[in-house]
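This report concerns only the one structure given below.
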Amino acid sequence: MAREERRDGAGDHGHDFPRPGKNRTKPVMAAPPAASSPEAKLVQVKGSGLSGPFIRRPVMTVLLTLSVIVAGAATYNKLAVNDLPAVDYPVIQVSCSYPGANPTTMANNIATPLEKQFLQIPGLDIITSTSTQGNTSFTLQFVLSKSIIDAATDVQAAIQRATGKLPLDLPSPPTFTKTNPNDQAVYLLGLLSDTLTDGDLYKYAS
(Lines give C-alpha, C1' and ligand atoms only; values in the text may rest on other atoms or scores of the structure.)
Protein backbone atom coordinates (compact mmCIF):
# COMPACT_ATOMS: atom_id res chain seq x y z
CA MET A 1 0.00 0.00 0.00
CA ALA A 2 1.41 3.27 -1.00
CA ARG A 3 1.60 6.01 1.74
CA GLU A 4 1.29 9.54 0.70
CA GLU A 5 3.20 12.07 2.75
CA ARG A 6 2.72 15.77 2.31
CA ARG A 7 5.32 18.28 3.38
CA ASP A 8 4.99 21.99 3.50
CA GLY A 9 8.43 23.36 2.95
CA ALA A 10 11.72 21.62 2.77
CA GLY A 11 13.43 20.38 5.89
CA ASP A 12 10.45 20.90 8.18
CA HIS A 13 9.30 17.79 9.93
CA GLY A 14 6.49 17.69 12.43
CA HIS A 15 6.47 21.46 13.12
CA ASP A 16 3.49 23.70 12.72
CA PHE A 17 4.82 27.10 11.55
CA PRO A 18 2.57 30.10 11.43
CA ARG A 19 1.13 30.95 8.17
CA PRO A 20 1.51 34.33 6.60
CA GLY A 21 -1.11 36.76 7.84
CA LYS A 22 -1.69 34.97 11.14
CA ASN A 23 -0.39 36.54 14.39
CA ARG A 24 0.85 34.56 17.30
CA THR A 25 0.08 35.88 20.77
CA LYS A 26 2.13 35.34 23.88
CA PRO A 27 0.58 35.06 27.28
CA VAL A 28 0.96 38.25 29.32
CA MET A 29 1.62 37.86 33.00
CA ALA A 30 -0.33 40.15 35.25
CA ALA A 31 1.80 42.78 37.02
CA PRO A 32 1.92 42.52 40.77
CA PRO A 33 -0.24 45.05 42.54
CA ALA A 34 1.59 48.28 43.32
CA ALA A 35 2.54 48.74 46.91
CA SER A 36 0.31 51.20 48.60
CA SER A 37 2.13 54.52 49.29
CA PRO A 38 2.30 55.58 52.93
CA GLU A 39 -0.08 58.28 53.94
CA ALA A 40 1.36 61.84 54.25
CA LYS A 41 1.71 63.06 57.79
CA LEU A 42 1.69 66.68 58.95
CA VAL A 43 4.64 67.56 61.13
CA GLN A 44 4.07 70.43 63.53
CA VAL A 45 6.84 73.02 63.57
CA LYS A 46 8.01 73.66 67.09
CA GLY A 47 10.08 76.78 67.62
CA SER A 48 12.30 77.23 70.61
CA GLY A 49 13.57 80.26 72.42
CA LEU A 50 12.47 83.76 71.51
CA SER A 51 11.31 82.82 68.00
CA GLY A 52 9.03 80.01 69.22
CA PRO A 53 5.82 82.03 69.82
CA PHE A 54 6.22 83.88 66.51
CA ILE A 55 6.61 80.63 64.53
CA ARG A 56 3.61 78.98 66.18
CA ARG A 57 1.41 82.07 65.75
CA PRO A 58 2.01 83.52 62.27
CA VAL A 59 -1.11 85.71 62.38
CA MET A 60 0.06 87.39 65.56
CA THR A 61 3.50 87.89 64.02
CA VAL A 62 2.07 89.63 60.94
CA LEU A 63 -0.18 91.89 63.03
CA LEU A 64 2.68 92.84 65.35
CA THR A 65 4.94 93.68 62.39
CA LEU A 66 2.26 95.83 60.79
CA SER A 67 1.68 97.64 64.10
CA VAL A 68 5.37 98.52 64.38
CA ILE A 69 5.47 99.79 60.78
CA VAL A 70 2.36 101.95 61.25
CA ALA A 71 3.65 103.37 64.56
CA GLY A 72 7.02 104.21 63.01
CA ALA A 73 5.43 105.93 60.01
CA ALA A 74 3.11 107.96 62.28
CA THR A 75 5.91 109.24 64.53
CA TYR A 76 8.55 109.81 61.82
CA ASN A 77 7.67 113.48 61.32
CA LYS A 78 7.69 114.09 65.09
CA LEU A 79 11.36 113.21 65.56
CA ALA A 80 13.42 116.10 66.88
CA VAL A 81 16.12 117.35 64.52
CA ASN A 82 18.83 119.73 65.71
CA ASP A 83 21.63 121.06 63.53
CA LEU A 84 23.75 121.73 66.62
CA PRO A 85 22.91 119.10 69.25
CA ALA A 86 23.87 119.90 72.82
CA VAL A 87 26.77 117.48 73.29
CA ASP A 88 29.51 118.31 75.78
CA TYR A 89 32.74 117.02 74.26
CA PRO A 90 35.69 116.95 76.68
CA VAL A 91 38.08 119.27 74.84
CA ILE A 92 41.25 120.85 76.24
CA GLN A 93 43.37 123.57 74.66
CA VAL A 94 47.14 123.57 75.32
CA SER A 95 49.40 126.47 74.37
CA CYS A 96 53.08 127.21 74.76
CA SER A 97 55.05 130.37 73.88
CA TYR A 98 58.72 130.55 72.91
CA PRO A 99 59.48 134.10 71.72
CA GLY A 100 61.84 134.40 68.77
CA ALA A 101 61.49 130.79 67.58
CA ASN A 102 60.37 130.13 64.03
CA PRO A 103 57.57 127.62 63.22
CA THR A 104 60.07 124.83 62.44
CA THR A 105 61.80 125.23 65.80
CA MET A 106 58.45 125.31 67.57
CA ALA A 107 57.34 122.11 65.82
CA ASN A 108 60.56 120.19 66.53
CA ASN A 109 61.46 121.41 70.03
CA ILE A 110 58.04 122.17 71.54
CA ALA A 111 55.25 120.38 69.66
CA THR A 112 56.97 117.01 69.16
CA PRO A 113 57.88 116.31 72.85
CA LEU A 114 54.43 117.37 74.01
CA GLU A 115 52.64 115.37 71.33
CA LYS A 116 54.49 112.16 72.27
CA GLN A 117 53.24 112.50 75.85
CA PHE A 118 49.69 113.44 74.83
CA LEU A 119 49.38 110.33 72.65
CA GLN A 120 49.86 108.15 75.74
CA ILE A 121 46.73 109.54 77.42
CA PRO A 122 43.91 106.95 77.43
CA GLY A 123 40.66 108.06 75.83
CA LEU A 124 42.25 110.64 73.51
CA ASP A 125 40.23 110.74 70.29
CA ILE A 126 41.57 113.63 68.18
CA ILE A 127 44.71 115.73 68.55
CA THR A 128 45.45 118.82 66.46
CA SER A 129 48.58 120.95 66.70
CA THR A 130 49.49 124.29 65.12
CA SER A 131 52.96 125.84 65.21
CA THR A 132 53.44 129.50 64.31
CA GLN A 133 56.07 132.14 64.99
CA GLY A 134 56.87 131.83 68.69
CA ASN A 135 53.74 129.86 69.61
CA THR A 136 52.44 126.28 69.57
CA SER A 137 48.86 125.28 70.35
CA PHE A 138 47.14 121.90 70.75
CA THR A 139 43.49 120.91 70.65
CA LEU A 140 42.85 117.64 72.48
CA GLN A 141 39.43 116.04 72.07
CA PHE A 142 38.57 112.99 74.17
CA VAL A 143 35.84 110.37 73.89
CA LEU A 144 32.45 111.20 75.37
CA SER A 145 32.81 108.61 78.12
CA LYS A 146 35.82 110.45 79.60
CA SER A 147 35.02 113.27 82.00
CA ILE A 148 36.60 116.67 81.51
CA ILE A 149 38.10 116.50 85.02
CA ASP A 150 39.93 113.24 84.32
CA ALA A 151 41.08 114.59 80.96
CA ALA A 152 42.52 117.72 82.59
CA THR A 153 44.38 115.63 85.17
CA ASP A 154 45.91 113.43 82.46
CA VAL A 155 46.93 116.45 80.36
CA GLN A 156 48.63 118.11 83.33
CA ALA A 157 50.57 114.91 84.05
CA ALA A 158 51.62 114.66 80.38
CA ILE A 159 52.91 118.26 80.42
CA GLN A 160 54.97 117.54 83.53
CA ARG A 161 56.51 114.46 81.89
CA ALA A 162 57.46 116.47 78.80
CA THR A 163 58.96 119.41 80.75
CA GLY A 164 62.41 117.82 80.90
CA LYS A 165 62.54 117.54 77.10
CA LEU A 166 61.57 121.16 76.40
CA PRO A 167 64.15 123.97 75.88
CA LEU A 168 65.77 125.14 79.12
CA ASP A 169 65.27 128.82 78.27
CA LEU A 170 61.52 128.42 77.85
CA PRO A 171 59.97 131.50 79.54
CA SER A 172 57.00 129.60 81.02
CA PRO A 173 55.72 126.03 80.98
CA PRO A 174 52.82 125.08 78.69
CA THR A 175 49.35 125.97 79.93
CA PHE A 176 45.97 124.36 79.26
CA THR A 177 42.33 125.40 79.50
CA LYS A 178 39.03 123.51 79.37
CA THR A 179 36.85 124.46 76.44
CA ASN A 180 33.47 123.47 75.04
CA PRO A 181 33.04 123.56 71.24
CA ASN A 182 29.33 124.33 71.67
CA ASP A 183 30.23 127.61 73.36
CA GLN A 184 32.01 128.91 70.27
CA ALA A 185 30.15 131.37 68.09
CA VAL A 186 28.64 130.06 64.88
CA TYR A 187 29.21 133.39 63.13
CA LEU A 188 30.40 136.88 64.04
CA LEU A 189 28.26 139.92 63.30
CA GLY A 190 29.58 143.48 63.31
CA LEU A 191 27.33 146.54 63.53
CA LEU A 192 28.31 150.14 62.82
CA SER A 193 26.17 153.24 63.14
CA ASP A 194 26.71 156.99 62.95
CA THR A 195 23.63 157.84 65.01
CA LEU A 196 23.27 155.04 67.60
CA THR A 197 25.42 154.58 70.66
CA ASP A 198 27.32 151.40 71.48
CA GLY A 199 24.65 150.46 74.02
CA ASP A 200 21.91 150.73 71.41
CA LEU A 201 23.91 148.63 68.96
CA TYR A 202 24.40 145.99 71.65
CA LYS A 203 20.64 145.85 72.20
CA TYR A 204 20.03 145.37 68.48
CA ALA A 205 22.68 142.66 68.27
CA SER A 206 21.35 140.75 71.28
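Starting from 1 in every chain, residues are counted up; chains themselves are A, B, ... following the order of the C-alpha coordinates, and ligands are numbered from 1 as listed.
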
Practice task
From stretch 99-205 of chain A, collect each residue whose DSSP state is strand (DSSP E) and return the set as number ranges by chain.
Solution key: A: 124-132, 135-142, 175-179

Selection from above, N, CA and C atoms, as an mmCIF file, in the first residue's frame, can you write it?
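Contents of out.cif, freshly written:
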```
data_model
loop_
_atom_site.group_PDB
_atom_site.id
_atom_site.type_symbol
_atom_site.label_atom_id
_atom_site.label_comp_id
_atom_site.auth_asym_id
_atom_site.auth_seq_id
_atom_site.Cartn_x
_atom_site.Cartn_y
_atom_site.Cartn_z
ATOM 1 N N LEU A 124 42.037 109.518 74.434
ATOM 2 C CA LEU A 124 42.247 110.635 73.513
ATOM 3 C C LEU A 124 41.740 110.242 72.129
ATOM 4 N N ASP A 125 40.856 111.062 71.575
ATOM 5 C CA ASP A 125 40.227 110.740 70.292
ATOM 6 C C ASP A 125 40.882 111.491 69.137
ATOM 7 N N ILE A 126 41.018 112.800 69.254
ATOM 8 C CA ILE A 126 41.575 113.629 68.175
ATOM 9 C C ILE A 126 42.570 114.602 68.787
ATOM 10 N N ILE A 127 43.711 114.755 68.124
ATOM 11 C CA ILE A 127 44.714 115.728 68.547
ATOM 12 C C ILE A 127 45.106 116.570 67.339
ATOM 13 N N THR A 128 45.102 117.879 67.524
ATOM 14 C CA THR A 128 45.451 118.818 66.455
ATOM 15 C C THR A 128 46.464 119.811 67.003
ATOM 16 N N SER A 129 47.538 120.023 66.261
ATOM 17 C CA SER A 129 48.583 120.953 66.702
ATOM 18 C C SER A 129 48.850 121.977 65.607
ATOM 19 N N THR A 130 49.175 123.195 66.038
ATOM 20 C CA THR A 130 49.493 124.292 65.123
ATOM 21 C C THR A 130 50.712 125.023 65.663
ATOM 22 N N SER A 131 51.724 125.157 64.820
ATOM 23 C CA SER A 131 52.959 125.844 65.208
ATOM 24 C C SER A 131 53.123 127.082 64.344
ATOM 25 N N THR A 132 53.237 128.227 65.001
ATOM 26 C CA THR A 132 53.442 129.499 64.313
ATOM 27 C C THR A 132 54.693 130.167 64.881
ATOM 28 N N ASN A 135 54.881 130.419 68.871
ATOM 29 C CA ASN A 135 53.744 129.860 69.613
ATOM 30 C C ASN A 135 53.352 128.492 69.037
ATOM 31 N N THR A 136 52.961 127.604 69.939
ATOM 32 C CA THR A 136 52.442 126.281 69.573
ATOM 33 C C THR A 136 51.172 126.029 70.368
ATOM 34 N N SER A 137 50.138 125.551 69.684
ATOM 35 C CA SER A 137 48.860 125.280 70.347
ATOM 36 C C SER A 137 48.382 123.882 69.974
ATOM 37 N N PHE A 138 47.711 123.240 70.929
ATOM 38 C CA PHE A 138 47.143 121.905 70.748
ATOM 39 C C PHE A 138 45.650 121.955 71.063
ATOM 40 N N THR A 139 44.900 121.146 70.346
ATOM 41 C CA THR A 139 43.491 120.909 70.652
ATOM 42 C C THR A 139 43.323 119.414 70.879
ATOM 43 N N LEU A 140 42.987 119.038 72.103
ATOM 44 C CA LEU A 140 42.847 117.636 72.485
ATOM 45 C C LEU A 140 41.372 117.334 72.721
ATOM 46 N N GLN A 141 40.830 116.444 71.915
ATOM 47 C CA GLN A 141 39.427 116.038 72.068
ATOM 48 C C GLN A 141 39.387 114.582 72.510
ATOM 49 N N PHE A 142 38.654 114.330 73.588
ATOM 50 C CA PHE A 142 38.571 112.995 74.168
ATOM 51 C C PHE A 142 37.213 112.370 73.845
ATOM 52 N N THR A 175 50.585 125.823 79.167
ATOM 53 C CA THR A 175 49.348 125.973 79.933
ATOM 54 C C THR A 175 48.197 125.325 79.169
ATOM 55 N N PHE A 176 47.131 124.978 79.903
ATOM 56 C CA PHE A 176 45.969 124.360 79.262
ATOM 57 C C PHE A 176 44.698 124.936 79.865
ATOM 58 N N THR A 177 43.640 124.921 79.079
ATOM 59 C CA THR A 177 42.325 125.403 79.499
ATOM 60 C C THR A 177 41.261 124.429 79.012
ATOM 61 N N LYS A 178 40.164 124.346 79.760
ATOM 62 C CA LYS A 178 39.027 123.511 79.373
ATOM 63 C C LYS A 178 38.105 124.330 78.479
ATOM 64 N N THR A 179 37.716 123.762 77.376
ATOM 65 C CA THR A 179 36.846 124.462 76.436
ATOM 66 C C THR A 179 35.686 123.559 76.048
#
```

Handout entry: Best match for closeness to A:Lys203 among A:Leu63, A:Ala80, A:Cys96, A:Leu191, counting only C-alpha atoms
Key = A:Leu191

Problem - Surrounding residues of A:Ile149 excluding itself and chain neighbours under 4 positions, 9 Å, only C-alpha atoms, as a PyMOL selection string - result: chain A and resi 90+153-154

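In this structure, atom CA of A:Gln156 sits 9.8 Å away from atom CA of A:Phe118.
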
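Residue nearest A:Gln133 within the list A:Pro113, A:Gly100, A:Pro174, A:Gly164: A:Gly100 [criterion: smallest interatomic distance, only C-alpha atoms].
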
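Shortest atom-to-atom contact with A:Gln93 among A:Leu166, A:Val155, A:Leu196, A:Ala205: A:Val155, counting only C-alpha atoms.
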
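Note that atom CA of A:Ile121 and atom CA of A:Ser95 are 17.4 Å apart.
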
Exercise for the section: Enumerate, as a ChimeraX atom specification, the complete set of residues in stretch 110-172 of chain A that a backbone-based DSSP assignment places in helix (DSSP H, G or I). Expected result: /A:110-118,148-165

Practice task
For atom CA of A:Leu119 and atom CA of A:Ala107, determine how far apart the two atoms are, in Å to one decimal place.
Solution key: 15.8 Å

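Among the candidates A:Asp169, A:Asp88, A:Ala101, A:Met106, the one nearest to A:Ser145 when counting only C-alpha atoms is A:Asp88.
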